[in-house]
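Enquirer: Sharing target.tsv below, TSV, C-alpha atoms:
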```tsv
chain	number	residue	atom	x	y	z
B	21	MET	CA	168.53	86.98	-105.63
B	22	PHE	CA	165.48	85.82	-103.68
B	23	SER	CA	162.47	88.11	-103.70
B	24	LEU	CA	160.24	88.53	-100.65
B	25	GLU	CA	157.31	87.03	-102.55
B	26	GLN	CA	159.32	83.86	-103.33
B	27	LEU	CA	160.35	83.51	-99.69
B	28	LYS	CA	156.73	83.83	-98.52
B	29	LYS	CA	155.44	81.22	-100.98
B	30	SER	CA	158.25	78.79	-100.14
B	31	LEU	CA	157.56	79.26	-96.43
B	32	LEU	CA	153.88	78.40	-96.96
B	33	VAL	CA	154.91	75.30	-98.92
B	34	SER	CA	157.22	74.15	-96.11
B	35	LEU	CA	154.49	74.64	-93.49
B	36	TRP	CA	152.02	72.70	-95.63
B	37	PHE	CA	154.46	69.79	-96.13
B	38	ALA	CA	155.22	69.73	-92.40
B	39	PHE	CA	151.48	69.55	-91.67
B	40	LEU	CA	150.89	66.74	-94.21
B	41	THR	CA	153.76	64.57	-92.98
B	42	PHE	CA	153.13	65.23	-89.27
B	43	PRO	CA	151.19	62.00	-88.51
B	44	LEU	CA	153.66	59.85	-90.43
B	45	LEU	CA	157.03	61.25	-89.44
B	46	VAL	CA	156.46	62.85	-86.03
B	47	ILE	CA	154.10	60.52	-84.15
B	48	LYS	CA	155.35	57.01	-83.36
B	49	VAL	CA	153.05	54.81	-81.27
B	50	ASP	CA	154.35	51.76	-79.39
B	51	PRO	CA	151.24	49.57	-78.85
B	52	ILE	CA	153.09	47.15	-76.57
B	53	GLN	CA	154.47	49.73	-74.16
B	54	ARG	CA	151.46	52.01	-74.78
B	55	THR	CA	153.67	55.02	-75.29
B	56	VAL	CA	153.83	57.79	-77.88
B	57	LEU	CA	157.18	59.03	-79.13
B	58	TRP	CA	157.23	62.57	-80.54
B	59	ARG	CA	159.95	62.99	-83.18
B	60	TRP	CA	159.93	66.76	-83.64
B	61	GLU	CA	163.32	66.77	-85.35
B	62	ASN	CA	161.73	65.01	-88.36
B	63	MET	CA	159.19	67.80	-88.77
B	64	VAL	CA	161.96	70.41	-88.65
B	65	LEU	CA	163.97	68.53	-91.29
B	66	VAL	CA	160.92	68.20	-93.58
B	67	ALA	CA	160.09	71.89	-93.19
B	68	ILE	CA	163.66	73.00	-93.96
B	69	GLY	CA	164.05	70.55	-96.85
B	70	SER	CA	160.73	71.47	-98.52
B	71	PHE	CA	161.48	75.17	-98.03
B	72	LEU	CA	164.85	74.89	-99.77
B	73	VAL	CA	163.49	72.68	-102.59
B	74	SER	CA	160.55	75.03	-103.19
B	75	LEU	CA	162.85	78.04	-103.28
B	76	LEU	CA	165.25	76.37	-105.71
B	77	VAL	CA	162.36	75.34	-107.98
B	78	ARG	CA	161.02	78.90	-108.09
B	79	VAL	CA	164.45	80.34	-108.86
B	80	PHE	CA	165.02	77.71	-111.55
B	81	ASN	CA	161.64	78.44	-113.20
B	82	GLN	CA	162.32	82.18	-113.07
B	83	HIS	CA	165.74	81.64	-114.67
B	84	GLN	CA	164.22	79.48	-117.44
B	85	GLU	CA	161.54	82.08	-118.14
B	86	ARG	CA	164.12	84.88	-118.44
B	87	ARG	CA	166.22	82.69	-120.72
B	88	ARG	CA	163.26	82.03	-123.01
B	89	GLU	CA	162.45	85.76	-123.11
B	90	ARG	CA	166.06	86.62	-124.05
B	91	ARG	CA	166.06	83.98	-126.80
B	92	ALA	CA	162.73	85.26	-128.15
B	93	ALA	CA	163.97	88.85	-128.09
B	94	GLY	CA	167.15	87.88	-129.93
B	95	GLY	CA	165.31	85.75	-132.48
B	96	ILE	CA	167.12	82.57	-131.38
B	97	ALA	CA	165.14	79.35	-131.74
B	98	GLU	CA	164.84	76.95	-128.81
B	99	ARG	CA	167.31	74.10	-128.93
B	100	GLU	CA	165.70	70.71	-129.44
B	101	PRO	CA	166.32	68.28	-126.53
B	102	LEU	CA	168.93	65.60	-127.20
B	103	ILE	CA	166.45	62.77	-126.60
B	104	GLN	CA	164.16	64.16	-129.32
B	105	VAL	CA	167.06	64.27	-131.77
B	106	ILE	CA	167.96	60.63	-130.99
B	107	LEU	CA	164.36	59.47	-131.42
B	108	ARG	CA	164.00	61.29	-134.74
B	109	GLU	CA	167.32	60.34	-136.38
B	110	PRO	CA	167.59	56.67	-137.51
B	111	LYS	CA	171.42	56.80	-137.36
B	112	TYR	CA	171.13	57.26	-133.57
B	113	LEU	CA	167.91	55.37	-132.92
B	114	TYR	CA	168.76	52.03	-134.55
B	115	PRO	CA	172.15	51.44	-132.83
B	116	LEU	CA	170.64	52.49	-129.48
B	117	SER	CA	167.69	50.11	-129.96
B	118	ALA	CA	170.05	47.26	-130.88
B	119	ALA	CA	172.16	47.90	-127.77
B	120	VAL	CA	169.09	47.97	-125.50
B	121	LEU	CA	167.78	44.73	-127.05
B	122	LEU	CA	171.15	43.01	-126.59
B	123	CYS	CA	171.31	44.09	-122.93
B	124	SER	CA	167.74	42.88	-122.41
B	125	LEU	CA	168.53	39.44	-123.85
B	126	ILE	CA	171.56	38.84	-121.60
B	127	PHE	CA	170.05	40.52	-118.51
B	128	PRO	CA	168.46	37.39	-116.91
B	129	HIS	CA	171.77	35.51	-117.15
B	130	LEU	CA	173.54	38.17	-115.09
B	131	VAL	CA	171.04	38.65	-112.25
B	132	SER	CA	168.92	36.56	-109.91
B	133	THR	CA	165.50	35.07	-110.71
B	134	TYR	CA	163.93	37.64	-108.38
B	135	GLN	CA	165.31	40.52	-110.48
B	136	THR	CA	164.08	38.83	-113.67
B	137	ASN	CA	160.62	38.43	-112.16
B	138	ILE	CA	160.51	42.14	-111.28
B	139	LEU	CA	161.47	43.08	-114.83
B	140	ILE	CA	158.73	40.81	-116.22
B	141	THR	CA	156.22	42.82	-114.16
B	142	ALA	CA	157.73	46.07	-115.47
B	143	LEU	CA	157.45	44.84	-119.07
B	144	MET	CA	153.80	43.95	-118.46
B	145	TYR	CA	153.15	47.51	-117.35
B	146	VAL	CA	155.00	48.77	-120.44
B	147	MET	CA	152.42	46.95	-122.57
B	148	LEU	CA	149.55	48.22	-120.42
B	149	GLY	CA	150.89	51.78	-120.64
B	150	LEU	CA	151.23	51.58	-124.42
B	151	GLY	CA	147.67	50.24	-124.66
B	152	LEU	CA	146.25	53.03	-122.51
B	153	ASN	CA	148.39	55.51	-124.44
B	154	ILE	CA	146.20	54.78	-127.49
B	155	VAL	CA	143.07	55.78	-125.57
B	156	VAL	CA	144.40	58.64	-123.42
B	157	GLY	CA	147.57	59.85	-125.14
B	158	LEU	CA	146.47	59.69	-128.78
B	159	ALA	CA	142.66	59.87	-128.74
B	160	GLY	CA	142.43	62.06	-125.62
B	161	LEU	CA	139.75	59.89	-123.95
B	162	LEU	CA	140.32	59.79	-120.18
B	163	ASP	CA	139.76	56.15	-119.20
B	164	LEU	CA	139.84	55.39	-115.45
B	165	GLY	CA	138.45	51.87	-115.84
B	166	TYR	CA	141.24	50.38	-117.94
B	167	VAL	CA	141.87	47.68	-115.36
B	168	ALA	CA	138.51	46.12	-116.32
B	169	PHE	CA	139.95	44.95	-119.66
B	170	TYR	CA	143.01	43.66	-117.81
B	171	ALA	CA	140.67	41.59	-115.61
B	172	VAL	CA	138.73	40.31	-118.64
B	173	GLY	CA	141.92	38.94	-120.18
B	174	ALA	CA	143.09	37.29	-116.95
B	175	TYR	CA	139.74	35.66	-116.19
B	176	SER	CA	139.35	34.58	-119.84
B	177	TYR	CA	142.45	32.41	-119.58
B	178	ALA	CA	141.69	31.21	-116.04
B	179	LEU	CA	138.07	30.19	-116.79
B	180	LEU	CA	138.79	28.71	-120.22
B	181	ASN	CA	141.58	26.61	-118.74
B	182	TYR	CA	139.46	25.64	-115.70
B	183	HIS	CA	136.43	24.51	-117.74
B	184	PHE	CA	137.84	23.54	-121.15
B	185	ASP	CA	141.57	22.99	-120.51
B	186	VAL	CA	142.53	25.73	-122.99
B	187	GLY	CA	146.28	26.42	-123.14
B	188	PHE	CA	148.11	29.73	-122.87
B	189	TRP	CA	148.81	30.27	-126.57
B	190	MET	CA	145.21	29.62	-127.55
B	191	ALA	CA	143.89	31.81	-124.72
B	192	LEU	CA	146.12	34.77	-125.67
B	193	PRO	CA	144.19	35.83	-128.81
B	194	ILE	CA	140.87	34.86	-127.22
B	195	GLY	CA	141.56	37.09	-124.20
B	196	ALA	CA	142.57	39.96	-126.52
B	197	LEU	CA	139.39	39.52	-128.60
B	198	LEU	CA	137.10	39.40	-125.54
B	199	ALA	CA	138.75	42.50	-124.09
B	200	ALA	CA	138.28	44.31	-127.43
B	201	MET	CA	134.57	43.35	-127.37
B	202	PHE	CA	134.25	44.80	-123.86
B	203	GLY	CA	136.05	47.92	-125.12
B	204	VAL	CA	133.40	48.37	-127.79
B	205	LEU	CA	130.64	47.74	-125.21
B	206	LEU	CA	132.13	50.49	-123.04
B	207	GLY	CA	132.58	52.79	-126.01
B	208	PHE	CA	128.95	52.84	-127.16
B	209	PRO	CA	127.43	54.42	-124.00
B	210	VAL	CA	130.16	57.07	-123.72
B	211	LEU	CA	130.25	58.31	-127.32
B	212	ARG	CA	128.63	61.61	-126.36
B	213	LEU	CA	130.67	62.14	-123.19
B	214	ARG	CA	133.89	64.09	-122.75
B	215	GLY	CA	136.29	65.09	-119.97
B	216	ASP	CA	135.26	64.47	-116.37
B	217	TYR	CA	131.98	62.81	-117.32
B	218	LEU	CA	133.81	60.25	-119.45
B	219	ALA	CA	136.26	59.58	-116.60
B	220	ILE	CA	133.42	58.96	-114.11
B	221	VAL	CA	131.59	56.54	-116.44
B	222	THR	CA	134.76	54.54	-117.22
B	223	LEU	CA	135.59	54.43	-113.51
B	224	GLY	CA	132.13	53.03	-112.82
B	225	PHE	CA	132.59	50.44	-115.57
B	226	GLY	CA	135.82	49.20	-114.00
B	227	GLU	CA	134.18	48.90	-110.58
B	228	ILE	CA	131.18	47.04	-112.06
B	229	ILE	CA	133.47	44.41	-113.60
B	230	ARG	CA	135.37	43.99	-110.33
B	231	LEU	CA	132.18	43.65	-108.26
B	232	ILE	CA	130.73	41.09	-110.69
B	233	LEU	CA	133.89	39.00	-110.40
B	234	GLU	CA	133.84	39.34	-106.61
B	235	ASN	CA	130.19	38.42	-106.05
B	236	TRP	CA	129.29	35.97	-108.83
B	237	ASN	CA	130.72	32.90	-107.13
B	238	GLU	CA	129.31	30.34	-109.61
B	239	PHE	CA	131.06	32.10	-112.49
B	240	SER	CA	134.36	33.45	-111.14
B	241	GLN	CA	134.83	31.60	-107.81
B	242	GLY	CA	134.25	34.93	-106.02
B	243	PRO	CA	136.87	36.38	-103.64
B	244	SER	CA	138.59	32.99	-103.39
B	245	GLY	CA	139.84	33.37	-106.94
B	246	ILE	CA	141.15	30.72	-109.32
B	247	SER	CA	144.40	28.88	-108.65
B	248	ASN	CA	146.66	26.36	-110.43
B	249	ILE	CA	146.60	28.30	-113.70
B	250	PRO	CA	149.28	26.75	-115.94
B	251	ARG	CA	152.27	28.74	-117.09
B	252	PRO	CA	153.04	29.13	-120.82
B	253	GLY	CA	153.93	25.82	-122.44
B	254	PHE	CA	157.00	25.13	-124.56
B	255	PHE	CA	156.06	22.34	-127.01
B	256	GLY	CA	154.87	20.12	-124.18
B	257	VAL	CA	158.19	20.26	-122.28
B	258	GLU	CA	157.92	20.45	-118.49
B	259	LEU	CA	159.81	23.51	-117.25
B	260	SER	CA	161.17	24.15	-113.78
B	261	LEU	CA	160.14	27.36	-111.98
B	262	GLU	CA	163.39	29.11	-112.91
B	263	SER	CA	163.15	28.00	-116.56
B	264	ALA	CA	159.49	29.03	-116.72
B	265	ILE	CA	160.35	32.54	-115.47
B	266	LEU	CA	163.15	32.82	-118.02
B	267	TYR	CA	160.83	31.61	-120.79
B	268	LEU	CA	158.14	34.10	-119.78
B	269	TYR	CA	160.75	36.89	-119.73
B	270	TYR	CA	161.66	36.26	-123.36
B	271	ILE	CA	157.97	36.05	-124.26
B	272	MET	CA	157.52	39.49	-122.70
B	273	ILE	CA	160.50	40.89	-124.63
B	274	ALA	CA	158.90	39.66	-127.89
B	275	MET	CA	155.47	40.99	-126.88
B	276	VAL	CA	156.85	44.44	-126.01
B	277	ILE	CA	158.69	44.66	-129.36
B	278	PHE	CA	155.50	43.61	-131.16
B	279	THR	CA	153.48	46.20	-129.19
B	280	ILE	CA	155.95	49.02	-129.95
B	281	PHE	CA	155.92	48.12	-133.66
B	282	VAL	CA	152.10	48.01	-133.90
B	283	VAL	CA	151.49	51.15	-131.82
B	284	ASN	CA	154.11	53.06	-133.82
B	285	ARG	CA	152.48	52.00	-137.09
B	286	LEU	CA	149.05	52.93	-135.74
B	287	GLN	CA	150.36	56.33	-134.67
B	288	ASP	CA	151.46	57.14	-138.21
B	289	SER	CA	148.43	55.61	-139.90
B	290	ARG	CA	145.22	57.28	-141.01
B	291	ILE	CA	143.35	56.16	-137.89
B	292	GLY	CA	146.22	57.42	-135.71
B	293	ARG	CA	146.00	60.88	-137.23
B	294	ALA	CA	142.23	60.76	-136.71
B	295	TRP	CA	142.84	60.00	-132.99
B	296	VAL	CA	145.17	62.99	-132.69
B	297	ALA	CA	142.64	65.22	-134.47
B	298	LEU	CA	139.93	63.98	-132.08
B	299	ARG	CA	142.15	64.79	-129.10
B	300	GLU	CA	143.00	68.28	-130.28
B	301	ASP	CA	139.48	69.45	-131.25
B	302	GLU	CA	136.51	67.13	-131.42
B	303	ILE	CA	134.24	69.61	-133.21
B	304	ALA	CA	136.83	70.50	-135.86
B	305	CYS	CA	137.58	66.79	-136.27
B	306	GLN	CA	133.92	66.05	-137.02
B	307	ALA	CA	133.68	69.08	-139.33
B	308	MET	CA	136.58	67.68	-141.39
B	309	GLY	CA	134.53	64.57	-142.15
B	310	ILE	CA	136.13	62.16	-139.66
B	311	ASP	CA	133.66	59.61	-138.28
B	312	LYS	CA	133.81	60.44	-134.57
B	313	ARG	CA	131.93	57.30	-133.50
B	314	LYS	CA	134.15	54.92	-135.43
B	315	THR	CA	137.31	56.70	-134.25
B	316	LYS	CA	136.36	56.49	-130.57
B	317	LEU	CA	135.24	52.86	-130.75
B	318	THR	CA	138.46	51.89	-132.52
B	319	ALA	CA	140.53	53.59	-129.81
B	320	PHE	CA	138.65	51.81	-127.01
B	321	ALA	CA	138.81	48.43	-128.78
B	322	LEU	CA	142.52	48.56	-129.66
B	323	GLY	CA	143.50	49.92	-126.24
B	324	ALA	CA	141.51	47.13	-124.56
B	325	THR	CA	143.13	44.50	-126.80
B	326	TRP	CA	146.56	45.03	-125.23
B	327	ALA	CA	145.09	44.99	-121.73
B	328	GLY	CA	143.43	41.65	-122.52
B	329	MET	CA	146.71	40.14	-123.70
B	330	VAL	CA	148.57	41.35	-120.61
B	331	GLY	CA	145.76	39.95	-118.44
B	332	VAL	CA	146.35	36.49	-119.94
B	333	ILE	CA	150.09	36.84	-119.30
B	334	PHE	CA	149.44	38.02	-115.73
B	335	ALA	CA	147.28	34.94	-115.00
B	336	ALA	CA	149.99	32.68	-116.43
B	337	LYS	CA	152.73	34.44	-114.45
B	338	THR	CA	151.07	34.36	-111.02
B	339	THR	CA	149.12	31.06	-111.55
B	340	PHE	CA	146.45	32.58	-109.27
B	341	ILE	CA	144.03	35.46	-109.72
B	342	ASN	CA	141.25	37.02	-107.68
B	343	PRO	CA	139.29	40.31	-107.93
B	344	ALA	CA	141.65	42.03	-105.43
B	345	SER	CA	144.28	42.18	-108.20
B	346	PHE	CA	142.10	44.46	-110.34
B	347	THR	CA	141.26	47.48	-108.21
B	348	PHE	CA	141.08	51.14	-109.22
B	349	LEU	CA	144.67	51.58	-107.96
B	350	GLU	CA	145.89	49.53	-110.93
B	351	SER	CA	144.12	51.86	-113.36
B	352	ALA	CA	145.62	54.85	-111.54
B	353	ILE	CA	149.15	53.40	-111.80
B	354	ILE	CA	148.77	52.75	-115.53
B	355	LEU	CA	147.42	56.27	-116.06
B	356	CYS	CA	150.36	57.67	-114.06
B	357	ILE	CA	152.72	55.77	-116.38
B	358	VAL	CA	151.19	57.47	-119.43
B	359	VAL	CA	151.15	60.96	-117.87
B	360	LEU	CA	154.61	60.71	-116.29
B	361	GLY	CA	156.22	59.27	-119.41
B	362	GLY	CA	154.59	61.75	-121.79
B	363	MET	CA	151.14	61.46	-123.33
B	364	GLY	CA	151.36	60.16	-126.89
B	365	SER	CA	155.07	59.29	-126.62
B	366	ILE	CA	155.98	55.61	-127.00
B	367	PHE	CA	159.50	55.97	-125.60
B	368	GLY	CA	158.18	58.15	-122.77
B	369	VAL	CA	155.62	55.52	-121.73
B	370	ILE	CA	158.35	52.85	-121.66
B	371	VAL	CA	160.53	55.02	-119.42
B	372	GLY	CA	157.54	55.92	-117.23
B	373	ALA	CA	156.63	52.25	-116.73
B	374	LEU	CA	160.17	51.26	-115.81
B	375	VAL	CA	160.48	54.17	-113.35
B	376	LEU	CA	157.09	53.66	-111.68
B	377	ILE	CA	157.44	49.88	-111.31
B	378	LEU	CA	161.16	49.47	-110.63
B	379	LEU	CA	161.78	52.52	-108.44
B	380	PRO	CA	159.64	51.37	-105.46
B	381	GLU	CA	161.42	48.01	-105.53
B	382	TYR	CA	164.89	49.53	-105.47
B	383	LEU	CA	163.92	52.04	-102.78
B	384	ARG	CA	163.27	49.22	-100.27
B	385	ALA	CA	166.56	50.16	-98.59
B	386	LEU	CA	164.76	53.25	-97.26
B	387	SER	CA	162.39	50.95	-95.38
B	388	ASP	CA	159.38	52.88	-94.00
B	389	TYR	CA	160.21	55.99	-96.00
B	390	ARG	CA	160.49	54.41	-99.46
B	391	MET	CA	156.96	55.36	-100.58
B	392	LEU	CA	157.50	58.88	-99.22
B	393	ALA	CA	160.72	59.11	-101.26
B	394	PHE	CA	158.92	57.66	-104.26
B	395	GLY	CA	156.17	60.28	-103.97
B	396	ALA	CA	158.76	63.04	-103.63
B	397	VAL	CA	160.47	61.86	-106.83
B	398	LEU	CA	157.13	61.95	-108.70
B	399	VAL	CA	156.27	65.42	-107.38
B	400	THR	CA	159.72	66.73	-108.33
B	401	MET	CA	159.41	65.15	-111.76
B	402	MET	CA	156.05	66.75	-112.48
B	403	ILE	CA	157.31	70.16	-111.29
B	404	PHE	CA	160.35	70.16	-113.58
B	405	ARG	CA	158.83	68.16	-116.49
B	406	PRO	CA	155.04	68.63	-116.44
B	407	GLN	CA	154.85	67.46	-120.07
B	408	GLY	CA	156.38	64.10	-119.10
B	409	VAL	CA	159.81	62.50	-119.25
B	410	VAL	CA	159.78	62.46	-123.05
B	411	ALA	CA	157.18	64.77	-124.54
B	412	ASN	CA	155.57	63.71	-127.80
B	413	ILE	CA	157.03	65.43	-130.85
B	414	ARG	CA	154.39	67.70	-132.36
B	415	ARG	CA	154.54	67.57	-136.13
B	416	SER	CA	154.75	70.93	-137.90
B	417	TYR	CA	154.47	71.74	-141.58
B	418	GLN	CA	156.09	74.70	-143.31
B	419	PHE	CA	155.15	76.32	-146.59
B	420	ARG	CA	158.13	77.11	-148.77
B	421	ALA	CA	158.25	78.76	-152.17
B	422	ASN	CA	160.20	77.36	-155.12
B	423	PRO	CA	162.66	79.66	-156.89
B	424	ASP	CA	160.15	80.00	-159.76
B	425	GLY	CA	157.56	81.34	-157.28
B	426	GLU	CA	155.38	78.24	-156.92
B	427	GLY	CA	154.59	76.95	-153.43
B	428	GLN	CA	155.52	73.51	-152.13
```
For this file, write the structure as structure tokens.
Expert:
Amino acid sequence: MFSLEQLKKSLLVSLWFAFLTFPLLVIKVDPIQRTVLWRWENMVLVAIGSFLVSLLVRVFNQHQERRRERRAAGGIAEREPLIQVILREPKYLYPLSAAVLLCSLIFPHLVSTYQTNILITALMYVMLGLGLNIVVGLAGLLDLGYVAFYAVGAYSYALLNYHFDVGFWMALPIGALLAAMFGVLLGFPVLRLRGDYLAIVTLGFGEIIRLILENWNEFSQGPSGISNIPRPGFFGVELSLESAILYLYYIMIAMVIFTIFVVNRLQDSRIGRAWVALREDEIACQAMGIDKRKTKLTAFALGATWAGMVGVIFAAKTTFINPASFTFLESAIILCIVVLGGMGSIFGVIVGALVLILLPEYLRALSDYRMLAFGAVLVTMMIFRPQGVVANIRRSYQFRANPDGEGQ
């Protein structure tokens, strides 16, 4: 059942995992007693566990490969995953969407304010993931500085309120517009760049924005940040903290529905198809007469627009912002949401955001090992589903002949 080659590779994997986790799981330093406790049993457990998991993964992959070969030899088509069927068929999709919306509306009345607050954060990352999905998933432009547009939106609301007493609802479109302008400013210098070079330039852009906010004290208050940012208003009514969180939760539900609707329409529009063509083959895209410059700038601008709106919501939610909230780690998390969920897939990005944001919170019971468990879940996920939780459905067209011999 297990070949010698599989056993050797799994053994190497177990040794490598034991080496990587050695400082974290084996060595425990007591600074008060000035003693070092060596927990060798942890290293043995990690080595055995990683060996067994690696072996099972290899056997599973081998079994799947043989199954695909048998199906191909017998002329049997691959069965479409159930989730793809549900997403394609309106008779399944609409009732499921209605049920999810109903559960979302009653959710805050069944749980504590803390749980509602966590879900608000998750919904914010859903919007951020869908925004970045336009740039990375549809247009194929690797953007590692997406957090810069997030910061532009947050500081737009904070500074406009600080200097001109601008409210949340007026700042929301202004923050989106300013972020879109910064998206165009980023897009112009990188029009001729692709792949790793594009990623490095966008990463540098994100760091430039963060450093400006951190060091330009007269403009952004520097590292001290801006506090006392008002929460969203409700026709001038003063809301308690609990009511304000509930109100913001329903705002986020509406914003996520609006985002899904717009991104879905963009995906099926002419510009959406141009983004997909640009992602698949830039040279062929240009040869077909698609304006490459306009297509890229539109992707950067629209992707940045959603980041700007979420930035305004983030400033209103926390009532305090500083440059430490907009580091490269935020961009990496948003990119992980897109890749884990499935590049180009709206439903996949939603699932990816909920998993990446909610899972660390609900793994707190594991205490010191929760981030290790979280990392193990991500690694396992990418081994078994490298295309993401819900892969984007690739459209295919078939040529069929009419009975009279004419094609259609």
Enquirer: Report as a short mmCIF file (atom, residue, chain, number, x, y, z; two decimals) with C-alpha atoms, keeping the file's coordinate frame all protein, DNA and RNA residues lying within 7 Å of range 138-153 of chain B, evaluated on only C-alpha atoms, omitting residues in the same chain fewer than 3 positions from it.
Expert:
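The file below, selection_13.cif, is the result:
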```
data_model
loop_
_atom_site.label_atom_id
_atom_site.label_comp_id
_atom_site.auth_asym_id
_atom_site.auth_seq_id
_atom_site.Cartn_x
_atom_site.Cartn_y
_atom_site.Cartn_z
CA TYR B 134 163.93 37.64 -108.38
CA GLN B 135 165.31 40.52 -110.48
CA VAL B 156 144.40 58.64 -123.42
CA GLY B 157 147.57 59.85 -125.14
CA LEU B 158 146.47 59.69 -128.78
CA TYR B 269 160.75 36.89 -119.73
CA MET B 272 157.52 39.49 -122.70
CA VAL B 276 156.85 44.44 -126.01
CA THR B 279 153.48 46.20 -129.19
CA GLY B 323 143.50 49.92 -126.24
CA ALA B 324 141.51 47.13 -124.56
CA TRP B 326 146.56 45.03 -125.23
CA ALA B 327 145.09 44.99 -121.73
CA VAL B 330 148.57 41.35 -120.61
CA ILE B 354 148.77 52.75 -115.53
CA ILE B 357 152.72 55.77 -116.38
CA VAL B 358 151.19 57.47 -119.43
CA MET B 363 151.14 61.46 -123.33
CA GLY B 364 151.36 60.16 -126.89
CA ILE B 366 155.98 55.61 -127.00
CA VAL B 369 155.62 55.52 -121.73
CA ILE B 370 158.35 52.85 -121.66
CA ALA B 373 156.63 52.25 -116.73
CA LEU B 374 160.17 51.26 -115.81
CA ILE B 377 157.44 49.88 -111.31
CA LEU B 378 161.16 49.47 -110.63
#
```
Enquirer: Show me, as JSON lines, the residues of range 264-338 of chain B having an atom within 8 Å of range 188-207 of chain B, each with the closest atom pair and its distance in Å, using all atoms listed in the file.
Expert:
```
{"residue": "B:Lys316", "atom": "CA", "partner": "B:Gly207", "partner_atom": "CA", "distance": 7.0}
{"residue": "B:Leu317", "atom": "CA", "partner": "B:Gly207", "partner_atom": "CA", "distance": 5.4}
{"residue": "B:Thr318", "atom": "CA", "partner": "B:Val204", "partner_atom": "CA", "distance": 7.8}
{"residue": "B:Phe320", "atom": "CA", "partner": "B:Gly203", "partner_atom": "CA", "distance": 5.0}
{"residue": "B:Ala321", "atom": "CA", "partner": "B:Ala200", "partner_atom": "CA", "distance": 4.4}
{"residue": "B:Leu322", "atom": "CA", "partner": "B:Ala200", "partner_atom": "CA", "distance": 6.4}
{"residue": "B:Gly323", "atom": "CA", "partner": "B:Ala200", "partner_atom": "CA", "distance": 7.8}
{"residue": "B:Ala324", "atom": "CA", "partner": "B:Ala200", "partner_atom": "CA", "distance": 5.2}
{"residue": "B:Thr325", "atom": "CA", "partner": "B:Ala196", "partner_atom": "CA", "distance": 4.6}
{"residue": "B:Trp326", "atom": "CA", "partner": "B:Ala196", "partner_atom": "CA", "distance": 6.6}
{"residue": "B:Ala327", "atom": "CA", "partner": "B:Ala199", "partner_atom": "CA", "distance": 7.2}
{"residue": "B:Gly328", "atom": "CA", "partner": "B:Ala196", "partner_atom": "CA", "distance": 4.4}
{"residue": "B:Met329", "atom": "CA", "partner": "B:Ala196", "partner_atom": "CA", "distance": 5.0}
{"residue": "B:Gly331", "atom": "CA", "partner": "B:Gly195", "partner_atom": "CA", "distance": 7.7}
{"residue": "B:Val332", "atom": "CA", "partner": "B:Leu192", "partner_atom": "CA", "distance": 6.0}
{"residue": "B:Ile333", "atom": "CA", "partner": "B:Leu192", "partner_atom": "CA", "distance": 7.8}
{"residue": "B:Ala336", "atom": "CA", "partner": "B:Phe188", "partner_atom": "CA", "distance": 7.3}
```
Enquirer: How big is the axis-aligned box around all listed atoms of range 161-171 of chain B once 8 Å goes on each side, and where's its centre, in Å to one decimal, as AutoDock Vina command-line options?
Expert:
```
--center_x 140.7 --center_y 50.7 --center_z -119.7 --size_x 20.6 --size_y 34.3 --size_z 24.6
```
Enquirer: Closest to Val131 in chain B among B:Leu355, B:Leu398, B:Ala38, B:Leu266, using all atoms listed in the file?
Expert: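 Comparing B:Leu355, B:Leu398, B:Ala38, B:Leu266 against Val131 in chain B, the winner is B:Leu266.
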Enquirer: Please identify all polymer residues within 10 Å of Gly362 in chain B, counting only C-alpha atoms, omitting same-chain residues fewer than 6 positions from it, and present them as a list in words.
Expert: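 Counting only the stated atoms, we get Asn153, Gly157, Cys356, Gly368, Val369, Ile370, Val371, Gly372, Arg405, Pro406, Gln407, Gly408, Val409, Val410, Ala411 and Asn412 of chain B.
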